[in-house]
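This is run33.txt (compact mmCIF, C-alpha atoms (C1' of nucleotides)).
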```txt
# COMPACT_ATOMS: atom_id res chain seq x y z
CA MET A 1 136.17 84.73 177.52
CA ARG A 2 134.27 87.84 178.48
CA THR A 3 134.19 90.63 175.93
CA LYS A 4 134.11 94.36 176.68
CA LYS A 5 130.80 96.00 175.87
CA ILE A 6 130.89 98.09 172.73
CA ASP A 7 128.74 101.17 172.15
CA ILE A 8 127.66 100.92 168.53
CA ASN A 9 127.12 104.66 168.51
CA ARG A 10 130.80 105.21 169.19
CA VAL A 11 131.76 102.71 166.51
CA PHE A 12 129.76 104.48 163.82
CA HIS A 13 131.02 107.86 164.89
CA ALA A 14 134.61 106.62 164.85
CA LEU A 15 134.28 105.15 161.37
CA GLY A 16 132.56 108.27 160.06
CA ASP A 17 135.88 110.06 159.78
CA PRO A 18 138.15 109.36 156.76
CA THR A 19 141.36 110.00 158.70
CA ARG A 20 140.42 107.41 161.29
CA ARG A 21 139.65 104.90 158.56
CA ALA A 22 143.06 105.68 157.04
CA ILE A 23 144.61 104.89 160.41
CA LEU A 24 142.75 101.58 160.51
CA ASP A 25 143.93 100.87 156.96
CA ARG A 26 147.49 101.37 158.10
CA LEU A 27 146.94 99.22 161.18
CA SER A 28 145.55 96.47 158.99
CA ALA A 29 149.12 95.95 157.83
CA GLY A 30 150.34 95.57 161.40
CA PRO A 31 151.00 97.50 164.63
CA ALA A 32 152.47 100.98 164.45
CA SER A 33 153.60 103.80 166.71
CA VAL A 34 151.79 107.13 166.89
CA SER A 35 154.59 108.81 164.94
CA ALA A 36 154.50 106.12 162.25
CA LEU A 37 150.78 106.67 161.88
CA ALA A 38 151.18 110.44 161.70
CA GLY A 39 153.89 110.25 159.04
CA PRO A 40 151.85 109.77 155.83
CA LEU A 41 148.90 111.78 157.19
CA ALA A 42 149.37 115.51 156.84
CA ILE A 43 148.35 116.21 160.43
CA THR A 44 150.09 116.71 163.76
CA LEU A 45 150.96 114.02 166.24
CA THR A 46 148.42 115.51 168.63
CA ALA A 47 145.63 115.09 166.12
CA VAL A 48 146.57 111.45 165.59
CA ALA A 49 146.61 110.86 169.34
CA GLN A 50 143.10 112.30 169.53
CA HIS A 51 141.89 109.98 166.76
CA LEU A 52 143.46 107.05 168.58
CA GLU A 53 141.53 107.88 171.75
CA ILE A 54 138.32 107.67 169.77
CA LEU A 55 139.33 104.43 168.06
CA GLU A 56 140.20 102.91 171.43
CA ALA A 57 136.95 104.04 173.06
CA SER A 58 135.00 102.42 170.25
CA GLY A 59 136.82 99.10 170.44
CA LEU A 60 138.32 99.39 166.96
CA ALA A 61 141.91 99.71 168.15
CA ARG A 62 143.98 99.12 171.23
CA THR A 63 147.21 100.83 172.24
CA GLU A 64 149.91 100.14 174.75
CA LYS A 65 152.69 102.44 175.83
CA ILE A 66 156.07 100.89 176.40
CA GLY A 67 158.81 103.30 177.32
CA ARG A 68 158.13 106.45 175.37
CA VAL A 69 156.52 104.65 172.41
CA ARG A 70 152.82 103.97 172.17
CA THR A 71 152.15 100.99 169.94
CA CYS A 72 148.74 100.72 168.26
CA GLN A 73 146.95 97.79 166.72
CA ILE A 74 143.54 96.88 165.41
CA GLN A 75 141.04 95.27 167.76
CA SER A 76 138.22 93.05 166.59
CA ALA A 77 135.58 94.00 169.17
CA GLY A 78 134.43 97.10 167.29
CA PHE A 79 134.25 95.26 163.98
CA ASP A 80 132.32 92.42 165.60
CA ALA A 81 129.76 94.86 166.99
CA LEU A 82 129.43 96.48 163.58
CA GLU A 83 128.84 93.20 161.80
CA ARG A 84 126.28 92.23 164.40
CA TRP A 85 124.43 95.51 163.86
CA ILE A 86 124.29 95.00 160.10
CA ALA A 87 123.20 91.40 160.42
CA ASP A 88 120.41 92.34 162.86
CA HIS A 89 119.02 95.05 160.63
CA ARG A 90 119.36 93.05 157.49
CA THR A 91 117.37 90.08 158.77
CA LEU A 92 114.70 92.41 160.10
CA TRP A 93 113.89 94.04 156.81
CA GLU A 94 114.80 91.20 154.52
CA LYS A 95 112.19 89.07 156.24
CA ARG A 96 109.31 91.32 155.28
CA PHE A 97 110.67 92.35 151.95
CA ASP A 98 108.92 92.24 148.61
CA ARG A 99 111.76 90.84 146.56
CA LEU A 100 110.00 91.35 143.25
CA GLY A 101 109.41 94.99 144.09
CA GLN A 102 113.07 95.57 144.90
CA PHE A 103 114.16 93.75 141.78
CA LEU A 104 112.03 96.01 139.63
CA LEU A 105 113.29 99.10 141.44
CA ASP A 106 116.89 98.02 140.92
CA GLU A 107 116.28 97.48 137.22
CA GLU A 108 114.65 100.85 136.84
CA GLU A 109 117.60 102.41 138.63
CA ASP A 110 120.00 101.37 135.86
CA GLU A 111 119.08 104.18 133.56
CA MET B 1 121.95 93.34 137.18
CA ARG B 2 124.18 96.38 137.40
CA THR B 3 124.48 98.00 140.80
CA LYS B 4 124.85 101.72 141.47
CA LYS B 5 128.28 102.72 142.73
CA ILE B 6 128.35 103.42 146.45
CA ASP B 7 130.74 105.86 148.11
CA ILE B 8 131.75 104.16 151.35
CA ASN B 9 132.62 107.53 152.77
CA ARG B 10 129.02 108.63 152.41
CA VAL B 11 127.81 105.40 153.96
CA PHE B 12 129.91 105.83 157.08
CA HIS B 13 129.01 109.47 157.40
CA ALA B 14 125.32 108.64 157.03
CA LEU B 15 125.46 105.93 159.69
CA GLY B 16 127.43 108.15 162.04
CA ASP B 17 124.29 110.03 163.03
CA PRO B 18 121.94 108.45 165.62
CA THR B 19 118.84 110.07 164.14
CA ARG B 20 119.56 108.55 160.75
CA ARG B 21 120.07 105.14 162.32
CA ALA B 22 116.74 105.58 164.11
CA ILE B 23 115.15 106.27 160.73
CA LEU B 24 116.70 103.08 159.35
CA ASP B 25 115.44 101.19 162.42
CA ARG B 26 111.95 102.39 161.64
CA LEU B 27 112.32 101.53 157.95
CA SER B 28 113.47 98.03 158.90
CA ALA B 29 109.86 97.41 159.89
CA GLY B 30 108.61 98.51 156.47
CA PRO B 31 108.15 101.56 154.21
CA ALA B 32 106.99 104.84 155.73
CA SER B 33 106.13 108.39 154.71
CA VAL B 34 108.26 111.37 155.75
CA SER B 35 105.59 112.43 158.26
CA ALA B 36 105.41 108.95 159.74
CA LEU B 37 109.18 108.98 160.21
CA ALA B 38 109.12 112.43 161.79
CA GLY B 39 106.38 111.48 164.26
CA PRO B 40 108.35 109.70 167.00
CA LEU B 41 111.48 111.80 166.42
CA ALA B 42 111.39 115.16 168.15
CA ILE B 43 112.48 117.06 165.06
CA THR B 44 110.80 118.93 162.21
CA LEU B 45 109.68 117.46 158.92
CA THR B 46 112.36 119.51 157.21
CA ALA B 47 115.11 117.92 159.29
CA VAL B 48 113.82 114.44 158.46
CA ALA B 49 113.77 115.30 154.76
CA GLN B 50 117.40 116.40 155.02
CA HIS B 51 118.37 113.12 156.68
CA LEU B 52 116.57 111.22 153.95
CA GLU B 53 118.58 113.01 151.27
CA ILE B 54 121.74 111.79 152.95
CA LEU B 55 120.43 108.25 153.36
CA GLU B 56 119.47 108.18 149.68
CA ALA B 57 122.81 109.55 148.52
CA SER B 58 124.58 106.83 150.46
CA GLY B 59 122.48 104.00 149.07
CA LEU B 60 120.97 103.10 152.44
CA ALA B 61 117.44 104.15 151.55
CA ARG B 62 115.33 104.96 148.54
CA THR B 63 112.30 107.20 148.32
CA GLU B 64 109.56 107.75 145.80
CA LYS B 65 107.01 110.51 145.74
CA ILE B 66 103.51 109.58 144.71
CA GLY B 67 101.00 112.37 144.83
CA ARG B 68 101.96 114.47 147.80
CA VAL B 69 103.34 111.57 149.82
CA ARG B 70 106.99 110.53 149.68
CA THR B 71 107.37 106.88 150.63
CA CYS B 72 110.71 105.72 152.00
CA GLN B 73 112.24 102.28 152.28
CA ILE B 74 115.54 100.64 153.05
CA GLN B 75 117.91 99.83 150.21
CA SER B 76 120.47 97.07 150.37
CA ALA B 77 123.23 98.69 148.28
CA GLY B 78 124.62 100.74 151.17
CA PHE B 79 124.60 97.78 153.53
CA ASP B 80 126.29 95.62 150.91
CA ALA B 81 129.10 98.15 150.51
CA LEU B 82 129.51 98.33 154.25
CA GLU B 83 129.77 94.56 154.65
CA ARG B 84 132.27 94.44 151.82
CA TRP B 85 134.42 97.05 153.55
CA ILE B 86 134.45 95.15 156.81
CA ALA B 87 135.21 91.85 155.11
CA ASP B 88 138.10 93.40 153.18
CA HIS B 89 139.70 94.92 156.24
CA ARG B 90 139.11 91.91 158.42
CA THR B 91 140.86 89.49 156.08
CA LEU B 92 143.74 91.93 155.70
CA TRP B 93 144.63 92.09 159.33
CA GLU B 94 143.46 88.68 160.41
CA LYS B 95 145.89 87.16 157.95
CA ARG B 96 148.95 88.58 159.66
CA PHE B 97 147.62 88.40 163.14
CA ASP B 98 149.34 86.97 166.16
CA ARG B 99 146.42 85.14 167.65
CA LEU B 100 148.13 84.23 170.87
CA GLY B 101 149.04 87.86 171.46
CA GLN B 102 145.47 89.00 170.98
CA PHE B 103 144.18 86.23 173.21
CA LEU B 104 146.43 87.35 176.03
CA LEU B 105 145.45 90.98 175.54
CA ASP B 106 141.76 90.06 175.64
CA GLU B 107 142.27 88.15 178.88
CA GLU B 108 144.11 91.03 180.45
CA GLU B 109 141.29 93.33 179.41
CA ASP B 110 138.83 91.48 181.66
CA GLU B 111 139.85 93.23 184.83
C1' DT C 1 174.60 114.93 181.88
C1' DA C 2 172.88 117.07 177.65
C1' DG C 3 170.15 116.66 173.89
C1' DA C 4 167.01 114.33 171.04
C1' DT C 5 162.86 111.67 170.67
C1' DA C 6 158.01 110.38 171.54
C1' DC C 7 154.44 111.64 173.15
C1' DT C 8 150.72 114.38 176.45
C1' DG C 9 147.50 118.27 178.07
C1' DA C 10 145.18 122.35 177.77
C1' DA C 11 143.30 125.83 175.29
C1' DG C 12 141.51 127.88 171.23
C1' DC C 13 140.09 128.34 166.16
C1' DG C 14 137.15 127.52 162.10
C1' DC C 15 134.05 125.05 159.64
C1' DA C 16 130.71 121.68 158.64
C1' DA C 17 126.59 119.61 160.01
C1' DA C 18 122.19 119.19 162.37
C1' DC C 19 118.55 121.76 163.27
C1' DT C 20 115.26 125.64 163.05
C1' DT C 21 111.89 129.02 160.97
C1' DC C 22 109.06 130.60 157.55
C1' DA C 23 107.24 131.22 153.23
C1' DC C 24 105.97 128.40 149.46
C1' DT C 25 104.01 124.65 146.10
C1' DA C 26 101.39 120.61 145.02
C1' DT C 27 97.93 117.30 146.01
C1' DT C 28 93.79 115.57 148.13
C1' DA C 29 89.30 116.06 150.69
C1' DA C 30 84.92 118.45 151.99
C1' DT D 1 86.57 126.31 145.56
C1' DT D 2 88.11 126.27 150.03
C1' DA D 3 90.72 124.13 153.46
C1' DA D 4 93.71 120.74 155.09
C1' DT D 5 97.58 117.79 154.29
C1' DA D 6 102.36 116.58 152.80
C1' DG D 7 106.29 118.00 151.64
C1' DT D 8 110.02 121.61 149.55
C1' DG D 9 113.57 125.54 149.46
C1' DA D 10 116.23 128.99 151.20
C1' DA D 11 118.41 131.14 154.74
C1' DG D 12 120.08 131.61 159.51
C1' DT D 13 121.63 129.74 164.18
C1' DT D 14 124.39 126.85 167.10
C1' DT D 15 127.10 123.32 168.52
C1' DG D 16 130.51 119.72 167.97
C1' DC D 17 134.48 118.13 165.91
C1' DG D 18 138.90 117.99 163.67
C1' DC D 19 142.66 120.39 163.89
C1' DT D 20 146.34 123.54 165.57
C1' DT D 21 149.78 125.68 168.76
C1' DC D 22 152.54 125.62 172.50
C1' DA D 23 154.32 124.35 176.67
C1' DG D 24 155.08 120.48 179.17
C1' DT D 25 156.80 115.31 180.78
C1' DA D 26 159.04 111.02 180.31
C1' DT D 27 162.33 108.12 178.08
C1' DC D 28 166.20 106.92 175.45
C1' DT D 29 170.96 107.94 173.37
C1' DA D 30 175.67 109.87 172.94
```
Write out the structure in this file as structure tokens.
Amino acid sequence: MRTKKIDINRVFHALGDPTRRAILDRLSAGPASVSALAGPLAITLTAVAQHLEILEASGLARTEKIGRVRTCQIQSAGFDALERWIADHRTLWEKRFDRLGQFLLDEEEDE
Amino acid sequence: MRTKKIDINRVFHALGDPTRRAILDRLSAGPASVSALAGPLAITLTAVAQHLEILEASGLARTEKIGRVRTCQIQSAGFDALERWIADHRTLWEKRFDRLGQFLLDEEEDE
DNA sequence: TAGATACTGAAGCGCAAACTTCACTATTAA
DNA sequence: TTAATAGTGAAGTTTGCGCTTCAGTATCTA
């Protein structure tokens, strides 16, 4: 199964906005129409549609229009890319890390 | 060991900027001074310092000034919070997910 | 067929955020 | 003690982004 290529830059930008994360929260509970998403958010339908474009382009959501209703749902591709990015960076720096040093710094931080 | 509370909003905002991710890339290879970080980036020292403030506030980096040199390094707290967020949201929606539906959608996507 | 519903497109507004400049302080080196 | 280095602080510029309005189009319902 081939997977669409995800631009990690888009993913981070998409997740940087609280409203878009709220939309993803809502979609976590299951698919929803654009109107349903707009409901609890105090913004216009247009604004929601714009957020959805960004979420789609980043691979975090997918939408499909049937009749006059556009149904939206979460997509894993964006999340996969994000987890990969974290894992990559983590291994890089954890490898060369002075664990004692960090431990001491963490202790000191608890003032 | 008590851990400092991380605001996930700050984390996402911090990671939303490519320059800040470049700084983290560089810090993955080990600690660096502000000047060293500014070197390869085509921006002023002041700009780098501003990015570092944001990275610190989000728990993605820590800095310490010794003499006239401020040394910067990666901090795990921000990354931990990020991974937690992904894990939380993933389980939420994966639980109620129609796997066959997604499979078909993924296939269709490979045009 | 008429009206309501569900969105779309284009254009514009306002603010936050990234970046700059420049003057300044503190530390180290000659 | 002079000069160079490393970074800080405040203030201003500019651009992008989230949002709005408003005028459409397509679809469904009575």
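Closest approach to DT1 in chain C among D:DG16, D:DT29, D:DC22, D:DT2 is made by D:DT29 (distances from all atoms listed in the file).
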If you count only C-alpha atoms (C1' of nucleotides), which residues fall within 9 Å of range 14-28 of chain C, apart from same-chain ones fewer than 3 positions away, as a list in words? Ile43, Thr44, Thr46, Ala47, Gly67, Arg68 and Val69 of chain B; DA4, DT5, DA6, DG7, DT8, DG9, DG12, DT13, DT14, DT15, DG16 and DC17 of chain D
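Separating CA of Arg70 in chain B from CA of Val48 in chain B is a distance of 11.8 Å.
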Any chance you could work out the axis-aligned box around range 33-48 of chain A, listed atoms only, 3 Å on each side, giving centre and edge lengths in Å to one decimal, as lines of an AutoDock Vina configuration file?
```
center_x = 150.1
center_y = 110.3
center_z = 162.2
size_x = 15.0
size_y = 18.9
size_z = 18.8
```
So the first atom is CA of Leu37 in chain B and the second is CA of Leu52 in chain B; what is the distance between them in Å, to one decimal place? 9.9 Å
If you measure from CA of Thr91 in chain B to CA of Lys65 in chain A, what distance in Å do you get, rounded to one decimal? 26.4 Å
For Glu64 in chain B, list every protein, DNA or RNA residue within 12 Å, evaluated using only C-alpha atoms (C1' of nucleotides), and leave out those in the same chain fewer than 2 positions away; present the list as a ChimeraX atom specification. /A:105 /B:31-34,52-53,56,61-62,66-74
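For the residues B:Ala29, B:Ala22, B:Ile6, B:Ala81, ranking by smallest atom-to-atom distance to chain A using all atoms listed in the file places B:Ala29 first.
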Listing only residues of chain D within 7 Å of chain A, what is the closest atom pair and its distance in Å (to one decimal) for each, using only C-alpha atoms (C1' of nucleotides), sorted by chain and residue number ascending, as JSON lines?
```
{"residue": "D:DC19", "atom": "C1'", "partner": "A:Ala47", "partner_atom": "CA", "distance": 6.5}
{"residue": "D:DA26", "atom": "C1'", "partner": "A:Arg68", "partner_atom": "CA", "distance": 6.8}
{"residue": "D:DT27", "atom": "C1'", "partner": "A:Arg68", "partner_atom": "CA", "distance": 5.3}
```
Residues of chain C were defined as contacting chain A if any atom lay at most 12 Å from it, counting all atoms listed in the file; please report them as an MDAnalysis selection string. chainID C and resid 5:10
Write to file, as a CSV table (one decimal), in the frame of the given file, the residues of the selection just made, with C-alpha atoms (C1' of nucleotides).
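Once written, result-v9.csv looks like this:
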```csv
chain,number,residue,atom,x,y,z
C,5,DT,C1',162.9,111.7,170.7
C,6,DA,C1',158.0,110.4,171.5
C,7,DC,C1',154.4,111.6,173.2
C,8,DT,C1',150.7,114.4,176.4
C,9,DG,C1',147.5,118.3,178.1
C,10,DA,C1',145.2,122.4,177.8
```
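Of the residues listed (B:Ala38, B:Gly78, B:Ile86, B:Arg20), B:Ile86 shows the shortest atom-to-atom separation from chain A; distances use all atoms listed in the file.
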